[in-house]
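One file, final_20.cif, is given below (mmCIF, N, CA and C atoms).
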data_run
loop_
_atom_site.label_atom_id
_atom_site.label_comp_id
_atom_site.auth_asym_id
_atom_site.auth_seq_id
_atom_site.Cartn_x
_atom_site.Cartn_y
_atom_site.Cartn_z
N MET P 1 113.10 92.63 121.13
CA MET P 1 114.14 93.62 121.31
C MET P 1 113.52 95.01 121.50
N TYR P 2 114.34 95.87 122.00
CA TYR P 2 113.90 97.25 122.23
C TYR P 2 114.49 98.21 121.21
N ILE P 3 115.17 97.68 120.20
CA ILE P 3 115.82 98.56 119.23
C ILE P 3 114.82 99.45 118.51
N GLU P 4 113.60 98.92 118.26
CA GLU P 4 112.61 99.75 117.58
C GLU P 4 112.18 100.93 118.44
N TYR P 5 112.15 100.73 119.78
CA TYR P 5 111.82 101.84 120.68
C TYR P 5 112.94 102.89 120.64
N ILE P 6 114.17 102.42 120.69
CA ILE P 6 115.31 103.33 120.67
C ILE P 6 115.32 104.14 119.37
N THR P 7 115.06 103.46 118.27
CA THR P 7 115.08 104.14 116.97
C THR P 7 114.00 105.20 116.87
N ILE P 8 112.78 104.88 117.25
CA ILE P 8 111.69 105.85 117.14
C ILE P 8 111.88 107.00 118.14
N ILE P 9 112.43 106.69 119.31
CA ILE P 9 112.73 107.76 120.28
C ILE P 9 113.84 108.67 119.74
N ALA P 10 114.83 108.09 119.06
CA ALA P 10 115.89 108.90 118.45
C ALA P 10 115.31 109.83 117.39
N VAL P 11 114.40 109.30 116.57
CA VAL P 11 113.73 110.13 115.56
C VAL P 11 112.96 111.25 116.23
N LEU P 12 112.23 110.91 117.29
CA LEU P 12 111.45 111.90 118.03
C LEU P 12 112.36 112.99 118.60
N LEU P 13 113.45 112.60 119.23
CA LEU P 13 114.36 113.57 119.84
C LEU P 13 115.05 114.44 118.79
N LEU P 14 115.53 113.82 117.71
CA LEU P 14 116.17 114.60 116.65
C LEU P 14 115.18 115.59 116.03
N SER P 15 113.95 115.14 115.88
CA SER P 15 112.92 116.03 115.32
C SER P 15 112.63 117.18 116.27
N TYR P 16 112.58 116.88 117.55
CA TYR P 16 112.33 117.93 118.54
C TYR P 16 113.49 118.93 118.54
N LEU P 17 114.72 118.42 118.54
CA LEU P 17 115.88 119.30 118.52
C LEU P 17 115.95 120.11 117.23
N GLY P 18 115.46 119.52 116.14
CA GLY P 18 115.43 120.21 114.85
C GLY P 18 114.20 121.09 114.69
N HIS P 19 113.38 121.17 115.72
CA HIS P 19 112.17 122.01 115.72
C HIS P 19 111.18 121.63 114.63
N ASN P 20 111.11 120.34 114.32
CA ASN P 20 110.13 119.89 113.32
C ASN P 20 109.01 119.16 114.05
N MET P 21 107.99 119.92 114.42
CA MET P 21 106.92 119.37 115.25
C MET P 21 106.06 118.36 114.50
N THR P 22 105.99 118.45 113.19
CA THR P 22 105.22 117.47 112.43
C THR P 22 105.77 116.07 112.66
N VAL P 23 107.09 115.93 112.57
CA VAL P 23 107.71 114.62 112.79
C VAL P 23 107.65 114.24 114.27
N VAL P 24 107.75 115.21 115.16
CA VAL P 24 107.61 114.91 116.59
C VAL P 24 106.24 114.29 116.85
N TYR P 25 105.18 114.90 116.31
CA TYR P 25 103.83 114.36 116.50
C TYR P 25 103.70 112.97 115.89
N ALA P 26 104.22 112.82 114.67
CA ALA P 26 104.12 111.52 113.99
C ALA P 26 104.87 110.44 114.77
N ALA P 27 106.09 110.74 115.19
CA ALA P 27 106.87 109.77 115.96
C ALA P 27 106.19 109.49 117.30
N GLY P 28 105.62 110.52 117.90
CA GLY P 28 104.90 110.33 119.17
C GLY P 28 103.70 109.41 119.02
N ILE P 29 102.96 109.59 117.93
CA ILE P 29 101.80 108.72 117.67
C ILE P 29 102.24 107.27 117.49
N VAL P 30 103.28 107.08 116.67
CA VAL P 30 103.77 105.72 116.42
C VAL P 30 104.30 105.11 117.71
N LEU P 31 105.06 105.88 118.49
CA LEU P 31 105.59 105.38 119.76
C LEU P 31 104.47 105.03 120.72
N LEU P 32 103.46 105.88 120.80
CA LEU P 32 102.33 105.63 121.68
C LEU P 32 101.59 104.34 121.30
N LEU P 33 101.34 104.16 120.01
CA LEU P 33 100.68 102.94 119.55
C LEU P 33 101.53 101.72 119.90
N LYS P 34 102.85 101.84 119.74
CA LYS P 34 103.76 100.73 120.06
C LYS P 34 103.76 100.43 121.55
N VAL P 35 103.89 101.47 122.37
CA VAL P 35 103.94 101.29 123.83
C VAL P 35 102.63 100.70 124.35
N LEU P 36 101.51 101.15 123.80
CA LEU P 36 100.21 100.64 124.24
C LEU P 36 99.89 99.25 123.69
N GLY P 37 100.74 98.75 122.82
CA GLY P 37 100.53 97.42 122.25
C GLY P 37 99.38 97.36 121.27
N LEU P 38 99.06 98.49 120.65
CA LEU P 38 97.96 98.54 119.69
C LEU P 38 98.48 98.14 118.30
N THR P 39 98.85 96.88 118.21
CA THR P 39 99.47 96.35 116.99
C THR P 39 98.55 96.49 115.79
N THR P 40 97.27 96.23 115.97
CA THR P 40 96.32 96.34 114.85
C THR P 40 96.27 97.77 114.33
N ALA P 41 96.21 98.74 115.23
CA ALA P 41 96.19 100.15 114.83
C ALA P 41 97.51 100.54 114.17
N LEU P 42 98.61 100.06 114.71
CA LEU P 42 99.92 100.36 114.15
C LEU P 42 100.05 99.77 112.74
N ASN P 43 99.60 98.54 112.58
CA ASN P 43 99.63 97.90 111.25
C ASN P 43 98.70 98.62 110.27
N ALA P 44 97.53 99.03 110.74
CA ALA P 44 96.59 99.77 109.88
C ALA P 44 97.22 101.08 109.44
N LEU P 45 97.88 101.75 110.36
CA LEU P 45 98.56 103.00 110.02
C LEU P 45 99.65 102.74 108.99
N GLY P 46 100.37 101.64 109.17
CA GLY P 46 101.43 101.30 108.23
C GLY P 46 100.93 100.94 106.85
N THR P 47 99.79 100.27 106.77
CA THR P 47 99.30 99.84 105.46
C THR P 47 98.38 100.86 104.80
N GLN P 48 97.63 101.61 105.58
CA GLN P 48 96.66 102.55 105.02
C GLN P 48 96.99 104.02 105.26
N GLY P 49 98.01 104.28 106.07
CA GLY P 49 98.34 105.66 106.44
C GLY P 49 98.63 106.56 105.26
N ILE P 50 99.33 106.05 104.27
CA ILE P 50 99.63 106.88 103.09
C ILE P 50 98.34 107.28 102.40
N ASN P 51 97.42 106.32 102.24
CA ASN P 51 96.14 106.64 101.60
C ASN P 51 95.35 107.66 102.43
N TRP P 52 95.31 107.47 103.75
CA TRP P 52 94.61 108.42 104.62
C TRP P 52 95.24 109.80 104.49
N GLY P 53 96.57 109.84 104.50
CA GLY P 53 97.27 111.12 104.40
C GLY P 53 96.99 111.82 103.09
N ILE P 54 96.95 111.06 102.01
CA ILE P 54 96.66 111.65 100.70
C ILE P 54 95.24 112.21 100.67
N VAL P 55 94.31 111.49 101.28
CA VAL P 55 92.93 112.00 101.35
C VAL P 55 92.88 113.31 102.12
N ILE P 56 93.55 113.36 103.26
CA ILE P 56 93.55 114.57 104.09
C ILE P 56 94.23 115.73 103.36
N LEU P 57 95.38 115.46 102.73
CA LEU P 57 96.07 116.51 101.97
C LEU P 57 95.21 117.03 100.82
N THR P 58 94.58 116.12 100.11
CA THR P 58 93.72 116.52 98.99
C THR P 58 92.54 117.35 99.48
N ALA P 59 91.94 116.92 100.58
CA ALA P 59 90.82 117.69 101.15
C ALA P 59 91.28 119.09 101.53
N ALA P 60 92.47 119.20 102.13
CA ALA P 60 92.99 120.52 102.52
C ALA P 60 93.22 121.40 101.30
N ILE P 61 93.68 120.80 100.21
CA ILE P 61 93.91 121.56 98.98
C ILE P 61 92.59 122.05 98.38
N LEU P 62 91.51 121.29 98.57
CA LEU P 62 90.21 121.65 98.00
C LEU P 62 89.45 122.69 98.84
N VAL P 63 89.87 122.93 100.07
CA VAL P 63 89.17 123.87 100.94
C VAL P 63 89.05 125.27 100.33
N PRO P 64 90.10 125.83 99.71
CA PRO P 64 89.94 127.17 99.11
C PRO P 64 88.86 127.21 98.03
N ILE P 65 88.64 126.10 97.34
CA ILE P 65 87.54 126.05 96.36
C ILE P 65 86.21 126.10 97.09
N ALA P 66 86.10 125.33 98.16
CA ALA P 66 84.85 125.31 98.94
C ALA P 66 84.59 126.66 99.59
N ASN P 67 85.65 127.36 100.01
CA ASN P 67 85.50 128.68 100.64
C ASN P 67 85.25 129.79 99.64
N GLY P 68 85.45 129.51 98.36
CA GLY P 68 85.28 130.53 97.35
C GLY P 68 86.52 131.36 97.10
N THR P 69 87.61 131.05 97.80
CA THR P 69 88.86 131.77 97.59
C THR P 69 89.40 131.51 96.19
N ILE P 70 89.27 130.28 95.75
CA ILE P 70 89.66 129.90 94.39
C ILE P 70 88.38 129.60 93.63
N THR P 71 88.23 130.30 92.51
CA THR P 71 87.04 130.12 91.67
C THR P 71 87.45 129.46 90.35
N ILE P 72 86.48 129.15 89.55
CA ILE P 72 86.77 128.59 88.23
C ILE P 72 87.57 129.58 87.39
N ASN P 73 87.28 130.87 87.56
CA ASN P 73 88.04 131.90 86.84
C ASN P 73 89.49 131.94 87.29
N THR P 74 89.72 131.79 88.59
CA THR P 74 91.08 131.76 89.12
C THR P 74 91.84 130.57 88.55
N MET P 75 91.13 129.44 88.44
CA MET P 75 91.76 128.24 87.89
C MET P 75 92.10 128.43 86.41
N ILE P 76 91.20 129.05 85.66
CA ILE P 76 91.46 129.31 84.24
C ILE P 76 92.63 130.29 84.09
N ASP P 77 92.71 131.28 84.99
CA ASP P 77 93.80 132.25 84.95
C ASP P 77 95.17 131.60 85.14
N ALA P 78 95.21 130.42 85.77
CA ALA P 78 96.49 129.72 85.97
C ALA P 78 97.16 129.41 84.64
N PHE P 79 96.37 129.28 83.57
CA PHE P 79 96.92 128.98 82.25
C PHE P 79 97.45 130.23 81.54
N ARG P 80 97.27 131.40 82.15
CA ARG P 80 97.61 132.65 81.48
C ARG P 80 98.93 133.26 81.94
N SER P 81 99.55 132.67 82.95
CA SER P 81 100.82 133.24 83.42
C SER P 81 101.92 132.17 83.36
N GLN P 82 103.14 132.66 83.25
CA GLN P 82 104.27 131.75 83.20
C GLN P 82 104.36 130.94 84.49
N ALA P 83 104.19 131.59 85.62
CA ALA P 83 104.25 130.89 86.91
C ALA P 83 103.14 129.85 87.01
N GLY P 84 101.96 130.19 86.50
CA GLY P 84 100.84 129.25 86.54
C GLY P 84 101.10 128.01 85.70
N ILE P 85 101.63 128.22 84.51
CA ILE P 85 101.92 127.08 83.63
C ILE P 85 103.02 126.21 84.23
N ILE P 86 104.06 126.84 84.78
CA ILE P 86 105.13 126.07 85.43
C ILE P 86 104.56 125.29 86.61
N ALA P 87 103.68 125.92 87.39
CA ALA P 87 103.07 125.24 88.54
C ALA P 87 102.22 124.05 88.09
N ILE P 88 101.50 124.20 86.99
CA ILE P 88 100.69 123.09 86.47
C ILE P 88 101.60 121.93 86.08
N ILE P 89 102.70 122.23 85.38
CA ILE P 89 103.64 121.19 84.97
C ILE P 89 104.29 120.55 86.20
N ALA P 90 104.68 121.38 87.17
CA ALA P 90 105.28 120.85 88.40
C ALA P 90 104.30 119.96 89.15
N GLY P 91 103.05 120.37 89.22
CA GLY P 91 102.03 119.55 89.87
C GLY P 91 101.84 118.22 89.16
N LEU P 92 101.84 118.27 87.84
CA LEU P 92 101.72 117.04 87.04
C LEU P 92 102.90 116.11 87.31
N LEU P 93 104.12 116.65 87.28
CA LEU P 93 105.31 115.83 87.53
C LEU P 93 105.34 115.29 88.96
N ALA P 94 104.93 116.11 89.93
CA ALA P 94 104.89 115.65 91.32
C ALA P 94 103.88 114.53 91.50
N ALA P 95 102.73 114.67 90.84
CA ALA P 95 101.71 113.61 90.93
C ALA P 95 102.22 112.31 90.30
N LEU P 96 102.89 112.43 89.16
CA LEU P 96 103.47 111.25 88.52
C LEU P 96 104.54 110.62 89.42
N ALA P 97 105.41 111.45 89.98
CA ALA P 97 106.47 110.94 90.86
C ALA P 97 105.86 110.30 92.10
N GLY P 98 104.87 110.95 92.68
CA GLY P 98 104.22 110.39 93.88
C GLY P 98 103.56 109.06 93.60
N GLY P 99 102.87 108.96 92.47
CA GLY P 99 102.22 107.69 92.11
C GLY P 99 103.23 106.58 91.90
N SER P 100 104.31 106.91 91.19
CA SER P 100 105.37 105.92 91.00
C SER P 100 106.04 105.59 92.32
N GLY P 101 106.14 106.58 93.20
CA GLY P 101 106.73 106.35 94.52
C GLY P 101 105.91 105.37 95.34
N VAL P 102 104.59 105.50 95.30
CA VAL P 102 103.72 104.55 96.02
C VAL P 102 103.95 103.15 95.49
N ASP P 103 103.99 103.01 94.17
CA ASP P 103 104.24 101.70 93.56
C ASP P 103 105.59 101.15 93.98
N LEU P 104 106.62 102.00 93.96
CA LEU P 104 107.96 101.56 94.35
C LEU P 104 107.97 101.09 95.80
N LEU P 105 107.33 101.84 96.69
CA LEU P 105 107.31 101.47 98.11
C LEU P 105 106.62 100.13 98.31
N LYS P 106 105.57 99.86 97.53
CA LYS P 106 104.85 98.60 97.65
C LYS P 106 105.64 97.43 97.07
N ASN P 107 106.31 97.68 95.93
CA ASN P 107 106.95 96.59 95.20
C ASN P 107 108.43 96.40 95.51
N THR P 108 109.08 97.40 96.09
CA THR P 108 110.51 97.31 96.38
C THR P 108 110.76 97.81 97.80
N PRO P 109 110.34 97.03 98.79
CA PRO P 109 110.45 97.50 100.17
C PRO P 109 111.89 97.68 100.66
N ASP P 110 112.88 97.14 99.95
CA ASP P 110 114.26 97.29 100.41
C ASP P 110 114.78 98.73 100.27
N VAL P 111 114.08 99.58 99.51
CA VAL P 111 114.51 100.98 99.40
C VAL P 111 113.89 101.85 100.51
N ILE P 112 112.93 101.32 101.23
CA ILE P 112 112.23 102.10 102.25
C ILE P 112 113.17 102.67 103.31
N PRO P 113 114.10 101.88 103.87
CA PRO P 113 115.00 102.49 104.88
C PRO P 113 115.79 103.67 104.34
N ALA P 114 116.28 103.58 103.11
CA ALA P 114 117.03 104.68 102.53
C ALA P 114 116.15 105.90 102.32
N LEU P 115 114.91 105.67 101.86
CA LEU P 115 113.98 106.79 101.67
C LEU P 115 113.64 107.45 103.01
N ILE P 116 113.48 106.63 104.04
CA ILE P 116 113.18 107.17 105.37
C ILE P 116 114.34 108.02 105.87
N ILE P 117 115.56 107.50 105.72
CA ILE P 117 116.74 108.25 106.18
C ILE P 117 116.84 109.57 105.43
N GLY P 118 116.69 109.53 104.12
CA GLY P 118 116.77 110.76 103.32
C GLY P 118 115.68 111.75 103.68
N THR P 119 114.46 111.25 103.84
CA THR P 119 113.34 112.12 104.19
C THR P 119 113.52 112.71 105.58
N MET P 120 113.92 111.88 106.54
CA MET P 120 114.12 112.39 107.90
C MET P 120 115.22 113.44 107.92
N ALA P 121 116.30 113.21 107.18
CA ALA P 121 117.38 114.20 107.13
C ALA P 121 116.86 115.51 106.52
N GLY P 122 116.08 115.39 105.45
CA GLY P 122 115.52 116.59 104.82
C GLY P 122 114.57 117.35 105.74
N VAL P 123 113.77 116.60 106.49
CA VAL P 123 112.81 117.22 107.40
C VAL P 123 113.52 117.84 108.60
N ILE P 124 114.42 117.08 109.20
CA ILE P 124 115.07 117.54 110.43
C ILE P 124 116.08 118.66 110.17
N PHE P 125 116.95 118.46 109.18
CA PHE P 125 118.05 119.40 108.99
C PHE P 125 117.75 120.55 108.02
N PHE P 126 116.78 120.35 107.14
CA PHE P 126 116.49 121.38 106.14
C PHE P 126 115.06 121.90 106.24
N HIS P 127 114.35 121.48 107.30
CA HIS P 127 112.98 121.92 107.57
C HIS P 127 112.04 121.64 106.39
N GLY P 128 112.26 120.48 105.77
CA GLY P 128 111.39 120.05 104.68
C GLY P 128 110.08 119.50 105.23
N VAL P 129 109.32 118.89 104.37
CA VAL P 129 108.03 118.33 104.74
C VAL P 129 108.08 116.83 104.48
N ALA P 130 107.44 116.07 105.34
CA ALA P 130 107.57 114.61 105.31
C ALA P 130 106.78 113.93 104.20
N VAL P 131 106.44 114.63 103.13
CA VAL P 131 105.87 113.94 101.98
C VAL P 131 106.99 113.39 101.10
N GLY P 132 108.20 113.59 101.55
CA GLY P 132 109.38 113.16 100.80
C GLY P 132 109.41 111.73 100.34
N PRO P 133 108.99 110.75 101.16
CA PRO P 133 109.12 109.35 100.70
C PRO P 133 108.36 109.07 99.40
N LEU P 134 107.21 109.67 99.21
CA LEU P 134 106.47 109.44 97.96
C LEU P 134 107.18 110.06 96.77
N ILE P 135 107.57 111.30 96.91
CA ILE P 135 108.26 111.97 95.81
C ILE P 135 109.64 111.34 95.61
N ALA P 136 110.35 111.07 96.70
CA ALA P 136 111.67 110.43 96.59
C ALA P 136 111.53 109.05 95.97
N GLY P 137 110.48 108.34 96.32
CA GLY P 137 110.23 107.04 95.70
C GLY P 137 109.99 107.18 94.21
N GLY P 138 109.24 108.20 93.82
CA GLY P 138 109.00 108.45 92.41
C GLY P 138 110.27 108.82 91.66
N VAL P 139 111.08 109.67 92.26
CA VAL P 139 112.35 110.05 91.64
C VAL P 139 113.25 108.82 91.54
N THR P 140 113.27 108.01 92.60
CA THR P 140 114.05 106.76 92.59
C THR P 140 113.56 105.84 91.48
N TYR P 141 112.24 105.72 91.36
CA TYR P 141 111.66 104.88 90.31
C TYR P 141 112.10 105.36 88.93
N PHE P 142 111.99 106.67 88.68
CA PHE P 142 112.38 107.22 87.38
C PHE P 142 113.87 107.01 87.12
N ALA P 143 114.70 107.20 88.15
CA ALA P 143 116.15 107.01 88.00
C ALA P 143 116.46 105.54 87.71
N LEU P 144 115.79 104.63 88.41
CA LEU P 144 116.01 103.20 88.14
C LEU P 144 115.57 102.82 86.74
N GLN P 145 114.46 103.38 86.28
CA GLN P 145 114.00 103.11 84.92
C GLN P 145 115.02 103.63 83.90
N LEU P 146 115.54 104.82 84.15
CA LEU P 146 116.54 105.41 83.27
C LEU P 146 117.80 104.55 83.25
N LEU P 147 118.26 104.13 84.42
CA LEU P 147 119.44 103.26 84.51
C LEU P 147 119.25 101.94 83.78
N SER P 148 118.04 101.39 83.89
CA SER P 148 117.79 100.10 83.24
C SER P 148 117.89 100.19 81.71
N HIS P 149 117.65 101.36 81.16
CA HIS P 149 117.77 101.54 79.71
C HIS P 149 119.23 101.59 79.25
N PHE P 150 120.14 101.91 80.18
CA PHE P 150 121.56 101.99 79.83
C PHE P 150 122.33 100.73 80.19
N GLN P 151 121.65 99.75 80.75
CA GLN P 151 122.35 98.52 81.16
C GLN P 151 122.09 97.40 80.19
#

Any chance you could put this one into structure tokens?
Amino acid sequence: MYIEYITIIAVLLLSYLGHNMTVVYAAGIVLLLKVLGLTTALNALGTQGINWGIVILTAAILVPIANGTITINTMIDAFRSQAGIIAIIAGLLAALAGGSGVDLLKNTPDVIPALIIGTMAGVIFFHGVAVGPLIAGGVTYFALQLLSHFQ
């Protein structure tokens, strides 16, 4: 069937109309791999892409340390301000949510379409960033755990 082409083209067009070039590029890459019949590359992207993305994001976050923009003193100073402490806690919670999100995506694939729809809506209509599925997966995981305690 061609429904997968129609769906990815719709994502590409909506992203373009929403001026979210990150999703346009991502959809373009996936569409190109599909059109060229590079199934192995497409499957590798599907199974390892999250890990590759996390490595690239982490490397980008570490660049200011390598450039000397952030020093050990700057890092210690983060514990001295209210904003710094809140940011540390937020980073901790985001990392926990992201980790749980990865587990949820691996173990409960039936939530993936809903996470994709929510993330795409957030990216396209609210100019969010497409790291949403991991965090949304983590939030979903925590909500499901909370619900299970009340059932």

Tell me which protein, DNA and RNA residues are within 7 Å of range 86-95 of chain P, counting only N, CA and C atoms, leaving out same-chain ones fewer than 5 positions away, and put them as a ChimeraX atom specification.
-> /P:81,100,135

Hey, can you check how far atom C of Leu14 in chain P sits from CA of Ile124 in chain P?
-> 5.9 Å

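Each of P:Ala66, P:Leu45, P:Gly138, P:Ile61 was checked against Asp103 in chain P using all atoms listed in the file; the smallest atom-to-atom distance is that of P:Gly138.
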
What is the CA of Ile54 in chain P to atom N of Lys34 in chain P distance in Å?
->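 Computing it gives 22.3 Å between the two atoms.
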
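Across the model, the gap from CA of Gly137 in chain P to CA of His19 in chain P is 25.1 Å.
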
Best match for closeness to Val102 in chain P among P:Val139, P:Thr119, P:Gln145, P:Thr40, counting only C-alpha atoms =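 Result for the nearest residue to Val102 in chain P: P:Val139.
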
From the list P:Ser148, P:Ala97, P:Phe79, P:Ala121, the nearest residue to Ala136 in chain P using only N, CA and C atoms is P:Ala97

Nearest to Gly49 in chain P by atom-to-atom distance, counting only C-alpha atoms, from P:Ala26, P:Val35, P:Leu13, P:Val123 =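 For Gly49 in chain P, the nearest of the given residues is P:Ala26.
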
Could you find all residues in chain P that DSSP calls alpha helix (DSSP H) from the backbone, and write them as a PyMOL selection string?
-> chain P and resi 3-17+21-35+39-67+72-77+82-107+112-126+132-149
